[in-house]
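Visitor: If you scroll down you'll find the structure; I have some questions about it.
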Amino acid sequence: MRIIVAITVAIIGGGGLAYGRPALETRDTPKVPKIPLPPKPEKIVVKELSLPPVVKSDVVGACTRKINPRGTGCVPINTHLFSGNFLLDNIHVVASINFTGAPAAPNPASIYSGLNLIIIKSDGKTFPNGDSWKCITCGVSAANQIGRVPDMDYPQAFNDGRRVLAGNNIVDCGKEAIASPRCTPDKVHITPIRTNNRADGSGPGTAMRELRLSPDGVHLTFNTVGIFGGGLTQVARMGRLVFNSAPTTGTPLAQRYDLVNVVGLYNMTGIQPISVEGDEIFYNPEAISIGELRGFSGRGDEVSFVGFPAESSNIDVFAVHLTTGKIRRLTSHPEYADPVDISPDNNWHVVLDTRGSNRQMFMAGMRGIPPMVDIVATTVASSTRNNGIRRFFTPWLIDKYGDRGSYKGQQLSYAGDGSPGSINDPQWNSRADPKWSWDGTKIAYWEELTLSPACGGANPLPCPVSTAQGGRVQRLLVAYLVERKALNLPRVKPISDIVPWGTPYEVDSPYPVRPAPPPGIYTLKGKASGFAKVNITWTSAGTTVSSVGVKYTNFSDDGINTLRGTEMVTRAYQTPTLNLVDWYSNLTSTGTVTATKVTSPDGFHVSIDSWTNLFNANGTLVTTIDGVTYRQPANLT
């Protein structure tokens, strides 16, 4: 009898890995369609959108009419920008931004203060007052925002033109369209979202992060964190939004949206990415392993996520069908991929990826290694993608069939010259999330300039000087897919509340317990030839896996490339987010590519926190592919 197990959670982008049940294959399962040739490059025009002017002081009244003659607010150099998708008109981009320096009341401009939701025109036109932006939540009365959650990150417009998800709130303008001149502050409401977690309905409900809205305008997903085995873990859930005008339990006791019929997007008793049967160990790529949920597909039938690696140290994004459980691997490039948005017709996806930077190649560049040490190494593999607050992401457009052969998609900002302030200036790094327009002809995304302490001071990298207006360090861009015709798709119908492979959420239930491979020495058989011996060790307290050692003997899955050598990774938690890892590797791959993955004689020892992502290592881990050598980044860079 096969023992079904899951892997002790590892943190991906601040979240962990969950493991669920795959779809069952039958004789009627359709054959995989033939994958077409990659698409040819297309013309893409990238333009920066205008934002409110910068004021370099946050004192009251610093935003003068000299700086903004229209009296519609100013922003600081660090704007705390979060851009989102487009309103249903495919013109206005939604974003949250921090206003500062407003004059004191009763000056009409006093309302332009703090974190607010704005919309920005992407067609080069302006609002009647001459601005290209309009603040939607500035001046909303306290009575119209009772229980508001302060953050307004990841703004996402509904499919009705009247509402926008902003953080854990929904902003609406009553019967008016958000972009209408009739949408005035007195008509705007900021309504919080609550998920009940107690039988008596009391309290503020479940703590939710990274909310994502379905294109059906009815369903919502979120991630929630917990601690298991000494480390941080994370699971994803989905529910239906229901407006509650007069709640009688829970907080806030004011109008709110309740998330009901919540289902966990996991199944802890189903097949897991790693399973054992007797003395054999298996990797199951069909297992649903949602580490951090990233959103819905364009038609709402799938959810995208960062999952357990299909190849060792290679952090990719996947999509799983909410009904069938069928998985698609959206990316396979060895660099790190995370924020992703699938096009409205499901035929394309735009992903923020470190490809082109060589940031992860020292660890992930050697292909075809089974993800055995990843039982304990995934947090390190995912956390090295950043240098603290600095990202190394650029936006890539990839067709639905994903990376294949030499095709790795098309960089949206390919046409830049790389100079300071250009659309592909490497010091401007893309941030989550890129978003499609409803008609599939535009993609909005935002970027941030490299900032201290990721540069300057003790850091050996100098800080770049911003060329943006007022020295602003965030910018909002739109990629115009000028050769494409606008899609004319039917409205997405509400999807089912039921996810057959998921686990219905029960209030007052404990956080899901993640099974892990039991300690022992197992054999992993190559699909074509050879084998590997896998040694799994648990902590002395028996709380989680502490180390995985692997010895490959003429191991081959494809019958072309052969893997030989040893690798061992040991992990300890200093805190739930701080991983201390000792890594020893001496691997060789021969075949169509000759590659090695080797640590220094005393090993590669890294300390990294999954929240802060500050790389600090002793020793080296070096990957060489056909004579090209990839080394780890210098500490704190």
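Naming works like this for the structure tokens: A, B, ... for the chains as they're shown, residue 1 at the start of each chain, ligands 1 onward in shown order.
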What's the 12 Å shell around Ala634 (chain A), counting only C-alpha atoms, without same-chain residues fewer than 5 positions away, as a list in words?
Guide: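 My reading of the contact set: Arg359, Phe362, Thr384, Asn387, Ala454, Asn459, Pro460, Leu461, Val606, Leu614, Phe615, Asn616, Ala617, Asn618, Gly619, Thr620 and Leu621 of chain A.
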Visitor: Mind checking which residues fall within 8 Å of region 94-101 of chain A, counting only C-alpha atoms, ignoring those fewer than 5 positions away in the same chain, and posting them as a VMD selection string?
Guide: chain A and resid 55 57 to 63 73 to 76 79 to 87 112 to 120 152 to 157 164 166
Visitor: Work out how far apart CA of Ala254 (chain A) and CA of His189 (chain A) are and give it in Å to one decimal.
Guide: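 Interatomic distance, CA of Ala254 (chain A) to CA of His189 (chain A): 11.8 Å.
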Visitor: Using only C-alpha atoms, which protein or nucleic acid residues come within 8 Å of Val340 (chain A)? Drop anything in the same chain fewer than 6 positions from it, and give the result as a list of chain:residue names.
Guide: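 Residues near the query, excluding close chain neighbours: A:Arg294, A:Gly295, A:Ser304, A:Val317, A:His349, A:Val350, A:Val351, A:Leu352, A:Asp433, A:Pro434.
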Visitor: Quick one: residues within 12 Å of Ser419 (chain A), only C-alpha atoms, excluding same-chain residues fewer than 2 positions away - as JSON, numbers by chain?
Guide: {"A": [415, 416, 417, 421, 422, 423, 424, 425, 426, 427, 428, 464, 465, 466, 467]}
Visitor: Any idea what's packed within 9 Å of Thr577 (chain A), counting only C-alpha atoms, ignoring anything in its chain fewer than 6 positions away? Could you give it as a ChimeraX atom specification?
Guide: /A:11,14,230-232,608-612
Visitor: Separation of CA of Ser509 (chain A) and CA of Val320 (chain A), in Å?
Guide: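 Computed distance, CA of Ser509 (chain A) to CA of Val320 (chain A), equals 25.4 Å.
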Visitor: I want to know what sits within 7 Å of region 544-556 of chain A, based on only C-alpha atoms, with residues of the same chain fewer than 5 positions away left out; could you give that as a PyMOL selection string?
Guide: chain A and resi 8+229+373+376+526-539+561-572
Visitor: Using only C-alpha atoms, which residue out of A:Lys34, A:Arg385, A:Arg65, A:Lys40 lies closest to Pro633 (chain A)?
Guide: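 Among the listed residues, the smallest separation from Pro633 (chain A) belongs to A:Arg385.
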Visitor: Using backbone DSSP assignments, extract all alpha helix (DSSP H) residues from region 293-533 of chain A; output them as a PyMOL selection string.
Guide: chain A and resi 361-364+374-383
Visitor: Compare A:Trp446, A:Asp439, A:Arg209, A:Asn347 by their minimum atom-to-atom distance to Pro395 (chain A), counting only C-alpha atoms, and give me the closest one.
Guide: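 Using only C-alpha atoms, the shortest distance to Pro395 (chain A) belongs to A:Trp446.
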Visitor: Counting only C-alpha atoms, which residue out of A:Gly147, A:Gly291, A:Pro285, A:Pro309 sits closest to Gln255 (chain A)?
Guide: A:Gly147
Visitor: To one decimal place in Å, what is the distance between CA of Pro339 (chain A) and CA of Ala179 (chain A)?
Guide: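 Taking CA of Pro339 (chain A) and CA of Ala179 (chain A), their separation equals 26.9 Å.
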